[in-house]
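Enquirer: Quick one: structure below, then a few questions.
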Amino acid sequence: MSALASTNPNERARGGIAAWPPLLRILTLATTVAVAFGLYLGLFYAGTDIDQGQVQRIFYIHLSAFTGAFIAFCGTVLGGIQYLRTRNVQWDSIALAGAEIGLALSILNLVTGMIWARPIWNTWWTWDPRLTSAAIMCLTYAAYLMLRTGIENAEQRRRFASIYGILAITTVILTLVITRIRPDTIHPVVIGPSVQNPNAEGAFEFSERMSMTIGINSAIWSTLVPVTLMWHRVRLQNLVERVNALKAEILNK
Amino acid sequence: MNTPFIQAVLAILRKDLRTELRSRELVSSMGLFALLSILIFSFALELDRIARQEAISGVLWVTVIFASILGLNRSLAMERDQGNLDAMLLAPINRAAIFLGKLIGNYLFALAVGLLLLPVMTILFNMPLLQPWLLLILLLGTLGFSTIGTLLATMTVQTRTRESLLPIVMLPVALPVLLSAVMASTSILDNVPLDDWIAWPQILVVVDIIYLILCFLLFEFVIEE
């Protein structure tokens, strides 16, 4: 198999096409260490919240996962715009990777939010504007993936996916701003210079250690995590296309 | 030599209006669907007086958006099935003119259904829906739906799953329009002071403009072939 896959002698020397590029190895290691470090900060370094207790610690992942998803979705927009401009397939792979990784991270965001909400709001789910818009945001990117599977022509699929990926960012922006335009939300407003929402249930004061933990965690999750995961996904996509090309080659023989 | 932009837009619009006048296919199916939908809603939600007050604008907008989806699917499927889309692509006109022409047509049909619903719902639910402000919200809201709908329907009619895909891709993207339209209409019907809800029509205008520009620019990528 590897003899078939790596027709390029350089590739074979590096252990075939399946080997990770050196920079990706370093990034993967760095991401693993950084995420572990962030978890350590969240679980041990930051103090326990005086009102909410231990469950508040899940917030460090909850917020960070959203920042990561946001960056990944921005990658989808960038990939879409660049694909439409240059028609380079790599940009579309980036857009696809962004949508998938963003979807995974925003589902993580939803699930951690639900685990937090169970003891604090006494319910897993409530039809709060923020929660609803976040769920719809997930569905938008699920629709993006469905749109892709519905189109057989590869060029058309990339083109339409790019367009939809650009439009889909509106639901992400809506999720970001909705706690400001809908004052009846009970979701705490965390990012940005805002007075604490009087309706918010379960908001908390930050100690210095907590702010630092939030800062470091969201920095890790908004840079290393989406970049590393997207790179792996782009690589996978390239391999898939390589396999398809090889299959077509063998069938034509 | 390109046909002037406005002339191309008007020609496409005239074609759509004439087809519609002769077949009455779109507005009749959309209108019938919309009427059925509000009747079904009144059963399903058991709309008594209080429930009506709370749910009426939601019922109105959900009906309008589903009726729009129905019309959009037909409108673009017709272009595709009868080879008209290819003919328009061959014609020496600006691609954006195709978008604008289809958009205005779809907008007028969606608006017609909305305008039909207002008096009907006023009578059936005994709610004062015929108000100038609500009319303005209807104008803005259907414009938003039609804009993204025209772009996305042109895309989805070219896919394998066709009709079933449009609601899936359109509803989430239409959410900002739906949200602000519903919020504004609810406030109008609750007689909330103007200052408290004027932000919603403003947001609606901004969202409409963003979508118009975005879809106008993106449309040429949908139909290049």
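Each chain in the structure tokens gets a letter, A, B and so on, in the order shown; residues start at 1 in every chain, and ligands are counted from 1 in the order they appear.
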Any idea which chain A residues end up within 12 Å of chain B if we count only C-alpha atoms, as a PyMOL selection string please?

Expert: chain A and resi 80-81+83-85+87+129+132-175+177-178+180-184

Enquirer: Generate the output file for the selected residues, C-alpha atoms, as a CSV table (one decimal), in the first residue's frame.

Expert:
```csv
chain,number,residue,atom,x,y,z
A,80,GLY,CA,-14.8,30.1,1.3
A,81,ILE,CA,-13.8,33.6,0.2
A,83,TYR,CA,-11.8,29.4,-2.7
A,84,LEU,CA,-14.2,31.5,-4.7
A,85,ARG,CA,-11.3,33.9,-5.6
A,87,ARG,CA,-10.3,28.1,-7.0
A,129,PRO,CA,-32.4,33.0,23.4
A,132,THR,CA,-31.6,28.5,21.2
A,133,SER,CA,-29.3,30.5,18.9
A,134,ALA,CA,-26.3,28.4,19.9
A,135,ALA,CA,-28.3,25.2,19.0
A,136,ILE,CA,-29.4,26.7,15.7
A,137,MET,CA,-25.7,27.6,15.0
A,138,CYS,CA,-24.8,23.9,15.4
A,139,LEU,CA,-27.7,23.0,13.0
A,140,THR,CA,-26.5,25.5,10.5
A,141,TYR,CA,-23.2,23.8,10.2
A,142,ALA,CA,-24.9,20.4,10.1
A,143,ALA,CA,-26.9,21.8,7.2
A,144,TYR,CA,-23.6,22.9,5.6
A,145,LEU,CA,-22.4,19.3,5.8
A,146,MET,CA,-25.7,18.1,4.4
A,147,LEU,CA,-25.5,20.5,1.5
A,148,ARG,CA,-22.0,19.1,0.7
A,149,THR,CA,-23.3,15.5,0.6
A,150,GLY,CA,-26.2,16.5,-1.7
A,151,ILE,CA,-24.0,17.7,-4.6
A,152,GLU,CA,-22.2,15.1,-6.7
A,153,ASN,CA,-20.2,17.5,-9.0
A,154,ALA,CA,-17.0,18.2,-6.9
A,155,GLU,CA,-16.5,21.7,-8.3
A,156,GLN,CA,-20.1,22.7,-7.8
A,157,ARG,CA,-20.0,21.2,-4.3
A,158,ARG,CA,-17.0,23.3,-3.3
A,159,ARG,CA,-18.5,26.4,-4.8
A,160,PHE,CA,-21.9,26.1,-3.1
A,161,ALA,CA,-20.2,25.1,0.2
A,162,SER,CA,-18.1,28.2,0.1
A,163,ILE,CA,-21.1,30.4,-0.4
A,164,TYR,CA,-23.1,28.7,2.4
A,165,GLY,CA,-20.0,28.8,4.7
A,166,ILE,CA,-19.9,32.6,4.2
A,167,LEU,CA,-23.6,33.0,4.9
A,168,ALA,CA,-23.6,30.7,7.9
A,169,ILE,CA,-21.3,33.0,9.9
A,170,THR,CA,-24.4,35.2,10.5
A,171,THR,CA,-25.7,32.6,13.0
A,172,VAL,CA,-22.4,32.7,14.8
A,173,ILE,CA,-22.5,36.5,15.0
A,174,LEU,CA,-26.1,36.3,16.2
A,175,THR,CA,-25.1,33.9,18.9
A,177,VAL,CA,-24.6,39.4,20.2
A,178,ILE,CA,-27.9,37.9,21.3
A,180,ARG,CA,-27.0,42.1,24.3
A,181,ILE,CA,-30.0,42.5,22.0
A,182,ARG,CA,-32.3,40.2,23.9
A,183,PRO,CA,-32.3,41.4,27.5
A,184,ASP,CA,-34.6,38.6,28.6
```

Enquirer: List as a PDB file with all heavy atoms, in the first residue's frame the protein and nucleic acid residues near B:Thr150, meaning an atom at most 10 Å away when only C-alpha atoms are counted, but skip any in the same chain fewer than 5 places from it.

Expert:
```
ATOM      1  N   SER B  68     -43.036  31.148   1.788  1.00  0.00           N
ATOM      2  CA  SER B  68     -41.967  31.652   0.917  1.00  0.00           C
ATOM      3  C   SER B  68     -41.117  30.504   0.394  1.00  0.00           C
ATOM      4  O   SER B  68     -40.763  30.478  -0.794  1.00  0.00           O
ATOM      5  CB  SER B  68     -41.045  32.613   1.661  1.00  0.00           C
ATOM      6  OG  SER B  68     -41.762  33.621   2.284  1.00  0.00           O
ATOM      7  N   ILE B  69     -40.789  29.564   1.294  1.00  0.00           N
ATOM      8  CA  ILE B  69     -39.956  28.435   0.874  1.00  0.00           C
ATOM      9  C   ILE B  69     -40.646  27.640  -0.230  1.00  0.00           C
ATOM     10  O   ILE B  69     -40.033  27.263  -1.231  1.00  0.00           O
ATOM     11  CB  ILE B  69     -39.623  27.540   2.088  1.00  0.00           C
ATOM     12  CG1 ILE B  69     -38.630  28.259   2.991  1.00  0.00           C
ATOM     13  CG2 ILE B  69     -39.074  26.201   1.654  1.00  0.00           C
ATOM     14  CD1 ILE B  69     -38.339  27.562   4.286  1.00  0.00           C
ATOM     15  N   LEU B  72     -40.423  29.717  -3.389  1.00  0.00           N
ATOM     16  CA  LEU B  72     -39.054  29.796  -3.902  1.00  0.00           C
ATOM     17  C   LEU B  72     -38.674  28.509  -4.615  1.00  0.00           C
ATOM     18  O   LEU B  72     -38.082  28.531  -5.702  1.00  0.00           O
ATOM     19  CB  LEU B  72     -38.085  30.054  -2.755  1.00  0.00           C
ATOM     20  CG  LEU B  72     -38.084  31.469  -2.187  1.00  0.00           C
ATOM     21  CD1 LEU B  72     -37.477  31.489  -0.806  1.00  0.00           C
ATOM     22  CD2 LEU B  72     -37.317  32.392  -3.114  1.00  0.00           C
ATOM     23  N   ASN B  73     -39.015  27.383  -4.003  1.00  0.00           N
ATOM     24  CA  ASN B  73     -38.697  26.101  -4.619  1.00  0.00           C
ATOM     25  C   ASN B  73     -39.330  25.988  -5.993  1.00  0.00           C
ATOM     26  O   ASN B  73     -38.671  25.620  -6.963  1.00  0.00           O
ATOM     27  CB  ASN B  73     -39.200  24.960  -3.727  1.00  0.00           C
ATOM     28  CG  ASN B  73     -38.094  24.378  -2.882  1.00  0.00           C
ATOM     29  OD1 ASN B  73     -36.935  24.417  -3.272  1.00  0.00           O
ATOM     30  ND2 ASN B  73     -38.443  23.853  -1.722  1.00  0.00           N
ATOM     31  N   SER B  75     -40.489  28.430  -7.922  1.00  0.00           N
ATOM     32  CA  SER B  75     -40.029  29.478  -8.824  1.00  0.00           C
ATOM     33  C   SER B  75     -38.692  29.122  -9.460  1.00  0.00           C
ATOM     34  O   SER B  75     -38.504  29.273 -10.665  1.00  0.00           O
ATOM     35  CB  SER B  75     -39.941  30.789  -8.047  1.00  0.00           C
ATOM     36  OG  SER B  75     -38.987  31.641  -8.607  1.00  0.00           O
ATOM     37  N   LEU B  76     -37.750  28.611  -8.662  1.00  0.00           N
ATOM     38  CA  LEU B  76     -36.431  28.298  -9.209  1.00  0.00           C
ATOM     39  C   LEU B  76     -36.418  26.948  -9.908  1.00  0.00           C
ATOM     40  O   LEU B  76     -35.693  26.761 -10.876  1.00  0.00           O
ATOM     41  CB  LEU B  76     -35.373  28.334  -8.103  1.00  0.00           C
ATOM     42  CG  LEU B  76     -34.707  29.690  -7.825  1.00  0.00           C
ATOM     43  CD1 LEU B  76     -34.137  30.269  -9.111  1.00  0.00           C
ATOM     44  CD2 LEU B  76     -35.647  30.697  -7.209  1.00  0.00           C
ATOM     45  N   PHE B  99     -30.251  37.777 -10.620  1.00  0.00           N
ATOM     46  CA  PHE B  99     -30.566  37.703  -9.191  1.00  0.00           C
ATOM     47  C   PHE B  99     -31.628  38.718  -8.830  1.00  0.00           C
ATOM     48  O   PHE B  99     -32.633  38.394  -8.201  1.00  0.00           O
ATOM     49  CB  PHE B  99     -29.300  37.939  -8.367  1.00  0.00           C
ATOM     50  CG  PHE B  99     -29.557  38.028  -6.895  1.00  0.00           C
ATOM     51  CD1 PHE B  99     -29.954  36.911  -6.184  1.00  0.00           C
ATOM     52  CD2 PHE B  99     -29.409  39.228  -6.228  1.00  0.00           C
ATOM     53  CE1 PHE B  99     -30.206  36.988  -4.836  1.00  0.00           C
ATOM     54  CE2 PHE B  99     -29.661  39.313  -4.879  1.00  0.00           C
ATOM     55  CZ  PHE B  99     -30.057  38.193  -4.180  1.00  0.00           C
ATOM     56  N   LEU B 100     -31.419  39.957  -9.242  1.00  0.00           N
ATOM     57  CA  LEU B 100     -32.337  41.023  -8.861  1.00  0.00           C
ATOM     58  C   LEU B 100     -33.724  40.781  -9.448  1.00  0.00           C
ATOM     59  O   LEU B 100     -34.737  40.979  -8.774  1.00  0.00           O
ATOM     60  CB  LEU B 100     -31.780  42.369  -9.330  1.00  0.00           C
ATOM     61  CG  LEU B 100     -31.949  43.512  -8.334  1.00  0.00           C
ATOM     62  CD1 LEU B 100     -31.362  43.139  -6.994  1.00  0.00           C
ATOM     63  CD2 LEU B 100     -31.314  44.778  -8.866  1.00  0.00           C
ATOM     64  N   LYS B 102     -35.127  37.860 -10.319  1.00  0.00           N
ATOM     65  CA  LYS B 102     -35.786  36.763  -9.598  1.00  0.00           C
ATOM     66  C   LYS B 102     -36.179  37.203  -8.192  1.00  0.00           C
ATOM     67  O   LYS B 102     -37.251  36.857  -7.699  1.00  0.00           O
ATOM     68  CB  LYS B 102     -34.864  35.541  -9.508  1.00  0.00           C
ATOM     69  CG  LYS B 102     -34.631  34.791 -10.802  1.00  0.00           C
ATOM     70  CD  LYS B 102     -35.913  34.341 -11.448  1.00  0.00           C
ATOM     71  CE  LYS B 102     -36.633  33.249 -10.673  1.00  0.00           C
ATOM     72  NZ  LYS B 102     -37.888  32.879 -11.375  1.00  0.00           N
ATOM     73  N   LEU B 103     -35.280  37.971  -7.562  1.00  0.00           N
ATOM     74  CA  LEU B 103     -35.549  38.418  -6.190  1.00  0.00           C
ATOM     75  C   LEU B 103     -36.821  39.252  -6.134  1.00  0.00           C
ATOM     76  O   LEU B 103     -37.691  39.018  -5.296  1.00  0.00           O
ATOM     77  CB  LEU B 103     -34.356  39.223  -5.659  1.00  0.00           C
ATOM     78  CG  LEU B 103     -34.613  40.042  -4.403  1.00  0.00           C
ATOM     79  CD1 LEU B 103     -34.968  39.132  -3.243  1.00  0.00           C
ATOM     80  CD2 LEU B 103     -33.402  40.875  -4.039  1.00  0.00           C
ATOM     81  N   ILE B 104     -36.947  40.225  -7.048  1.00  0.00           N
ATOM     82  CA  ILE B 104     -38.128  41.102  -6.992  1.00  0.00           C
ATOM     83  C   ILE B 104     -39.394  40.286  -7.222  1.00  0.00           C
ATOM     84  O   ILE B 104     -40.391  40.457  -6.520  1.00  0.00           O
ATOM     85  CB  ILE B 104     -38.002  42.250  -8.018  1.00  0.00           C
ATOM     86  CG1 ILE B 104     -36.781  43.107  -7.677  1.00  0.00           C
ATOM     87  CG2 ILE B 104     -39.250  43.113  -8.008  1.00  0.00           C
ATOM     88  CD1 ILE B 104     -36.454  44.156  -8.709  1.00  0.00           C
ATOM     89  N   GLY B 105     -39.334  39.339  -8.170  1.00  0.00           N
ATOM     90  CA  GLY B 105     -40.497  38.490  -8.398  1.00  0.00           C
ATOM     91  C   GLY B 105     -40.871  37.696  -7.159  1.00  0.00           C
ATOM     92  O   GLY B 105     -42.015  37.748  -6.691  1.00  0.00           O
ATOM     93  N   ASN B 106     -39.878  36.996  -6.591  1.00  0.00           N
ATOM     94  CA  ASN B 106     -40.147  36.186  -5.402  1.00  0.00           C
ATOM     95  C   ASN B 106     -40.640  37.048  -4.245  1.00  0.00           C
ATOM     96  O   ASN B 106     -41.511  36.643  -3.473  1.00  0.00           O
ATOM     97  CB  ASN B 106     -38.878  35.455  -4.963  1.00  0.00           C
ATOM     98  CG  ASN B 106     -38.495  34.365  -5.939  1.00  0.00           C
ATOM     99  OD1 ASN B 106     -39.346  33.809  -6.609  1.00  0.00           O
ATOM    100  ND2 ASN B 106     -37.207  34.077  -6.024  1.00  0.00           N
ATOM    101  N   TYR B 107     -40.073  38.250  -4.140  1.00  0.00           N
ATOM    102  CA  TYR B 107     -40.457  39.166  -3.078  1.00  0.00           C
ATOM    103  C   TYR B 107     -41.922  39.550  -3.224  1.00  0.00           C
ATOM    104  O   TYR B 107     -42.686  39.518  -2.250  1.00  0.00           O
ATOM    105  CB  TYR B 107     -39.545  40.393  -3.141  1.00  0.00           C
ATOM    106  CG  TYR B 107     -39.853  41.452  -2.118  1.00  0.00           C
ATOM    107  CD1 TYR B 107     -40.112  41.114  -0.791  1.00  0.00           C
ATOM    108  CD2 TYR B 107     -39.864  42.797  -2.459  1.00  0.00           C
ATOM    109  CE1 TYR B 107     -40.377  42.084   0.152  1.00  0.00           C
ATOM    110  CE2 TYR B 107     -40.119  43.771  -1.534  1.00  0.00           C
ATOM    111  CZ  TYR B 107     -40.389  43.423  -0.228  1.00  0.00           C
ATOM    112  OH  TYR B 107     -40.645  44.384   0.699  1.00  0.00           O
ATOM    113  N   PHE B 145     -36.288  37.389   3.817  1.00  0.00           N
ATOM    114  CA  PHE B 145     -36.488  35.978   3.445  1.00  0.00           C
ATOM    115  C   PHE B 145     -36.235  35.778   1.957  1.00  0.00           C
ATOM    116  O   PHE B 145     -35.565  34.838   1.547  1.00  0.00           O
ATOM    117  CB  PHE B 145     -37.914  35.525   3.740  1.00  0.00           C
ATOM    118  CG  PHE B 145     -38.264  35.473   5.191  1.00  0.00           C
ATOM    119  CD1 PHE B 145     -39.567  35.584   5.611  1.00  0.00           C
ATOM    120  CD2 PHE B 145     -37.270  35.301   6.146  1.00  0.00           C
ATOM    121  CE1 PHE B 145     -39.884  35.532   6.953  1.00  0.00           C
ATOM    122  CE2 PHE B 145     -37.586  35.250   7.481  1.00  0.00           C
ATOM    123  CZ  PHE B 145     -38.898  35.371   7.885  1.00  0.00           C
ATOM    124  N   MET B 155     -29.254  27.607  -5.493  1.00  0.00           N
ATOM    125  CA  MET B 155     -28.275  26.565  -5.198  1.00  0.00           C
ATOM    126  C   MET B 155     -28.947  25.208  -5.047  1.00  0.00           C
ATOM    127  O   MET B 155     -28.538  24.227  -5.670  1.00  0.00           O
ATOM    128  CB  MET B 155     -27.546  26.893  -3.891  1.00  0.00           C
ATOM    129  CG  MET B 155     -26.246  27.604  -4.091  1.00  0.00           C
ATOM    130  SD  MET B 155     -25.692  28.424  -2.598  1.00  0.00           S
ATOM    131  CE  MET B 155     -25.525  27.106  -1.453  1.00  0.00           C
ATOM    132  N   MET B 170     -32.036  27.125   4.620  1.00  0.00           N
ATOM    133  CA  MET B 170     -32.504  28.506   4.689  1.00  0.00           C
ATOM    134  C   MET B 170     -32.928  28.934   6.096  1.00  0.00           C
ATOM    135  O   MET B 170     -32.634  30.056   6.515  1.00  0.00           O
ATOM    136  CB  MET B 170     -33.678  28.694   3.718  1.00  0.00           C
ATOM    137  CG  MET B 170     -34.178  30.122   3.691  1.00  0.00           C
ATOM    138  SD  MET B 170     -35.438  30.331   2.449  1.00  0.00           S
ATOM    139  CE  MET B 170     -36.277  31.779   3.072  1.00  0.00           C
ATOM    140  N   CYS B 215     -25.722  38.549  -0.799  1.00  0.00           N
ATOM    141  CA  CYS B 215     -26.305  37.648  -1.791  1.00  0.00           C
ATOM    142  C   CYS B 215     -26.078  38.179  -3.198  1.00  0.00           C
ATOM    143  O   CYS B 215     -25.844  37.415  -4.137  1.00  0.00           O
ATOM    144  CB  CYS B 215     -27.795  37.473  -1.527  1.00  0.00           C
ATOM    145  SG  CYS B 215     -28.129  36.631   0.025  1.00  0.00           S
ATOM    146  N   PHE B 219     -24.117  35.761  -5.721  1.00  0.00           N
ATOM    147  CA  PHE B 219     -24.965  35.079  -6.700  1.00  0.00           C
ATOM    148  C   PHE B 219     -24.201  34.654  -7.946  1.00  0.00           C
ATOM    149  O   PHE B 219     -24.455  33.596  -8.508  1.00  0.00           O
ATOM    150  CB  PHE B 219     -26.149  35.965  -7.083  1.00  0.00           C
ATOM    151  CG  PHE B 219     -27.167  35.255  -7.927  1.00  0.00           C
ATOM    152  CD1 PHE B 219     -28.034  34.345  -7.349  1.00  0.00           C
ATOM    153  CD2 PHE B 219     -27.262  35.472  -9.288  1.00  0.00           C
ATOM    154  CE1 PHE B 219     -28.968  33.684  -8.106  1.00  0.00           C
ATOM    155  CE2 PHE B 219     -28.194  34.807 -10.058  1.00  0.00           C
ATOM    156  CZ  PHE B 219     -29.051  33.912  -9.461  1.00  0.00           C
TER     157      PHE B 219
END
```

Enquirer: Among stretch 48-119 of chain A, which residues carry a DSSP assignment of alpha helix (DSSP H), reported as a PyMOL selection string?

Expert: chain A and resi 59-86+89-119

Enquirer: Give me, as a list in words, all polymer residues having an atom no more than 9 Å from stretch 235-239 of chain A, counting only C-alpha atoms and skipping those fewer than 2 positions away in the same chain.

Expert: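 What passes the distance filter is Ile17, Ala18, Trp20, Gln90, Ser93, Leu96, Ala97, Met230, Trp231, His232, Arg233, Glu241, Arg242, Val243 and Asn244 of chain A.
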
Enquirer: Can I get the selected residues back with N, CA and C atoms, as a CSV table (one decimal), in the first residue's frame?

Expert:
```csv
chain,number,residue,atom,x,y,z
A,17,ILE,N,3.4,8.9,2.5
A,17,ILE,CA,2.5,10.1,2.6
A,17,ILE,C,1.7,10.1,4.0
A,18,ALA,N,1.6,8.9,4.6
A,18,ALA,CA,0.8,8.9,5.8
A,18,ALA,C,1.6,9.5,7.0
A,20,TRP,N,3.2,12.2,9.5
A,20,TRP,CA,2.8,13.6,9.8
A,20,TRP,C,4.0,14.5,9.5
A,90,GLN,N,-7.3,23.5,-1.9
A,90,GLN,CA,-6.9,23.5,-0.5
A,90,GLN,C,-7.7,24.4,0.4
A,93,SER,N,-10.8,22.7,1.4
A,93,SER,CA,-10.5,21.7,2.5
A,93,SER,C,-10.4,22.4,3.8
A,96,LEU,N,-14.0,23.3,4.9
A,96,LEU,CA,-14.6,22.1,5.4
A,96,LEU,C,-14.1,21.7,6.8
A,97,ALA,N,-12.8,21.8,6.9
A,97,ALA,CA,-12.2,21.5,8.2
A,97,ALA,C,-12.7,22.4,9.3
A,230,MET,N,-7.7,21.4,12.7
A,230,MET,CA,-8.1,21.7,11.3
A,230,MET,C,-7.0,21.2,10.4
A,231,TRP,N,-5.7,21.3,10.8
A,231,TRP,CA,-4.6,20.8,10.0
A,231,TRP,C,-4.8,19.3,9.8
A,232,HIS,N,-5.1,18.6,10.9
A,232,HIS,CA,-5.3,17.1,10.7
A,232,HIS,C,-6.4,16.8,9.8
A,233,ARG,N,-7.5,17.6,9.9
A,233,ARG,CA,-8.6,17.4,9.0
A,233,ARG,C,-8.3,17.7,7.5
A,241,GLU,N,-8.7,12.5,-1.0
A,241,GLU,CA,-8.7,12.8,-2.4
A,241,GLU,C,-7.7,12.0,-3.1
A,242,ARG,N,-6.5,11.7,-2.4
A,242,ARG,CA,-5.5,10.9,-3.0
A,242,ARG,C,-6.0,9.5,-3.3
A,243,VAL,N,-6.7,9.0,-2.3
A,243,VAL,CA,-7.2,7.6,-2.4
A,243,VAL,C,-8.2,7.5,-3.6
A,244,ASN,N,-9.1,8.6,-3.7
A,244,ASN,CA,-10.0,8.6,-4.8
A,244,ASN,C,-9.3,8.6,-6.1
```

Enquirer: Give the answer as one residue: which of B:Asn126, B:Asn84, B:Ser57, B:Asn94 has the shortest atom-to-atom distance to B:Val182, using only C-alpha atoms?

Expert: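 Looking at the shortest contact to B:Val182, the residue is B:Ser57.
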
Enquirer: Check the smallest atom-to-atom distance from each of B:Val59, B:Leu139, B:Ala97, B:Val27 to B:Ile12 using only C-alpha atoms, then report the winner.

Expert: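 Closest to B:Ile12, using only C-alpha atoms: B:Ala97.
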
Enquirer: I want to know what sits within 12 Å of A:Ile214, based on only C-alpha atoms, with residues of the same chain fewer than 6 positions away left out; could you give that as number ranges by chain?

Expert: A: 38-39, 41-43, 45-46, 56-65, 67, 190-191, 206-208, 220-222

Enquirer: Excluding same-chain residues fewer than 2 positions from B:Ile93, what lies within 10 Å of it counting only C-alpha atoms, as a VMD selection string?

Expert: chain B and resid 1 to 5 7 to 9 88 to 91 95 to 98

Enquirer: Would you put the residues from that selection into a file with all heavy atoms, as a compact mmCIF listing (two decimals), in the first residue's frame?

Expert:
```txt
# COMPACT_ATOMS: atom_id res chain seq x y z
N MET B 1 -22.29 43.16 -26.61
CA MET B 1 -23.10 44.32 -26.20
C MET B 1 -24.12 43.85 -25.15
O MET B 1 -25.00 43.05 -25.45
CB MET B 1 -23.79 44.88 -27.45
CG MET B 1 -24.57 46.18 -27.21
SD MET B 1 -23.50 47.51 -26.65
CE MET B 1 -24.70 48.65 -26.00
N ASN B 2 -23.97 44.32 -23.95
CA ASN B 2 -24.86 43.90 -22.88
C ASN B 2 -26.16 44.72 -22.87
O ASN B 2 -26.15 45.90 -23.16
CB ASN B 2 -24.18 44.10 -21.53
CG ASN B 2 -23.47 42.84 -21.07
OD1 ASN B 2 -23.23 41.96 -21.90
ND2 ASN B 2 -23.15 42.76 -19.82
N THR B 3 -27.24 44.01 -22.56
CA THR B 3 -28.49 44.72 -22.33
C THR B 3 -28.32 45.56 -21.07
O THR B 3 -27.71 45.07 -20.11
CB THR B 3 -29.63 43.71 -22.11
OG1 THR B 3 -29.52 42.69 -23.08
CG2 THR B 3 -30.99 44.38 -22.19
N PRO B 4 -28.84 46.78 -21.04
CA PRO B 4 -28.71 47.59 -19.82
C PRO B 4 -29.27 46.84 -18.60
O PRO B 4 -30.24 46.09 -18.73
CB PRO B 4 -29.53 48.85 -20.13
CG PRO B 4 -29.56 48.92 -21.61
CD PRO B 4 -29.45 47.53 -22.14
N PHE B 5 -28.64 47.06 -17.47
CA PHE B 5 -28.94 46.33 -16.24
C PHE B 5 -30.43 46.37 -15.88
O PHE B 5 -31.07 45.33 -15.73
CB PHE B 5 -28.10 46.91 -15.11
CG PHE B 5 -28.11 46.09 -13.86
CD1 PHE B 5 -27.32 44.97 -13.75
CD2 PHE B 5 -28.94 46.44 -12.81
CE1 PHE B 5 -27.32 44.22 -12.60
CE2 PHE B 5 -28.96 45.68 -11.66
CZ PHE B 5 -28.15 44.57 -11.56
N GLN B 7 -32.99 47.19 -17.59
CA GLN B 7 -33.86 46.59 -18.60
C GLN B 7 -33.90 45.07 -18.44
O GLN B 7 -34.95 44.44 -18.56
CB GLN B 7 -33.32 46.94 -19.99
CG GLN B 7 -34.38 47.25 -21.00
CD GLN B 7 -33.74 47.80 -22.27
OE1 GLN B 7 -32.90 48.71 -22.19
NE2 GLN B 7 -34.08 47.25 -23.41
N ALA B 8 -32.72 44.47 -18.15
CA ALA B 8 -32.66 43.02 -17.97
C ALA B 8 -33.45 42.60 -16.74
O ALA B 8 -34.21 41.63 -16.76
CB ALA B 8 -31.21 42.58 -17.84
N VAL B 9 -33.29 43.37 -15.64
CA VAL B 9 -34.03 43.06 -14.42
C VAL B 9 -35.53 43.11 -14.69
O VAL B 9 -36.28 42.18 -14.33
CB VAL B 9 -33.66 44.07 -13.30
CG1 VAL B 9 -34.57 43.88 -12.10
CG2 VAL B 9 -32.21 43.92 -12.90
N MET B 88 -30.97 32.14 -19.66
CA MET B 88 -30.62 33.43 -19.07
C MET B 88 -29.11 33.58 -18.94
O MET B 88 -28.57 34.67 -19.07
CB MET B 88 -31.29 33.58 -17.70
CG MET B 88 -32.76 33.89 -17.79
SD MET B 88 -33.43 34.52 -16.25
CE MET B 88 -33.41 33.08 -15.24
N LEU B 89 -28.44 32.45 -18.69
CA LEU B 89 -26.98 32.51 -18.58
C LEU B 89 -26.35 32.81 -19.94
O LEU B 89 -25.30 33.46 -20.01
CB LEU B 89 -26.43 31.19 -18.03
CG LEU B 89 -26.76 30.90 -16.58
CD1 LEU B 89 -26.15 29.59 -16.15
CD2 LEU B 89 -26.27 32.02 -15.69
N LEU B 90 -27.01 32.31 -20.99
CA LEU B 90 -26.47 32.55 -22.33
C LEU B 90 -26.71 33.99 -22.78
O LEU B 90 -25.95 34.54 -23.57
CB LEU B 90 -27.12 31.58 -23.33
CG LEU B 90 -26.62 30.15 -23.31
CD1 LEU B 90 -27.47 29.30 -24.24
CD2 LEU B 90 -25.16 30.08 -23.71
N ALA B 91 -27.78 34.56 -22.28
CA ALA B 91 -28.15 35.92 -22.71
C ALA B 91 -27.07 36.92 -22.31
O ALA B 91 -26.42 36.75 -21.28
CB ALA B 91 -29.48 36.30 -22.09
N ARG B 95 -24.96 39.01 -14.71
CA ARG B 95 -25.48 37.93 -13.86
C ARG B 95 -26.28 38.46 -12.67
O ARG B 95 -27.26 37.88 -12.25
CB ARG B 95 -24.32 37.08 -13.33
CG ARG B 95 -23.54 36.37 -14.40
CD ARG B 95 -24.20 35.05 -14.70
NE ARG B 95 -23.79 34.53 -15.98
CZ ARG B 95 -22.80 33.66 -16.16
NH1 ARG B 95 -22.13 33.21 -15.13
NH2 ARG B 95 -22.51 33.23 -17.35
N ALA B 96 -25.81 39.58 -12.15
CA ALA B 96 -26.50 40.16 -11.00
C ALA B 96 -27.92 40.57 -11.35
O ALA B 96 -28.81 40.57 -10.49
CB ALA B 96 -25.72 41.35 -10.46
N ALA B 97 -28.16 40.88 -12.63
CA ALA B 97 -29.51 41.25 -13.05
C ALA B 97 -30.46 40.07 -12.90
O ALA B 97 -31.63 40.24 -12.57
CB ALA B 97 -29.49 41.74 -14.49
N ILE B 98 -29.95 38.86 -13.14
CA ILE B 98 -30.78 37.66 -12.97
C ILE B 98 -31.23 37.56 -11.52
O ILE B 98 -32.39 37.32 -11.21
CB ILE B 98 -30.01 36.38 -13.38
CG1 ILE B 98 -29.54 36.50 -14.83
CG2 ILE B 98 -30.87 35.15 -13.19
CD1 ILE B 98 -28.72 35.33 -15.29
```

Enquirer: Extract, using only C-alpha atoms, all DNA, RNA and protein residues at most 10 Å from B:Phe33, discarding same-chain residues fewer than 2 positions from it, and format them as a VMD selection string.

Expert: chain B and resid 27 to 31 35 to 39 63 to 64 66 to 67 70 113
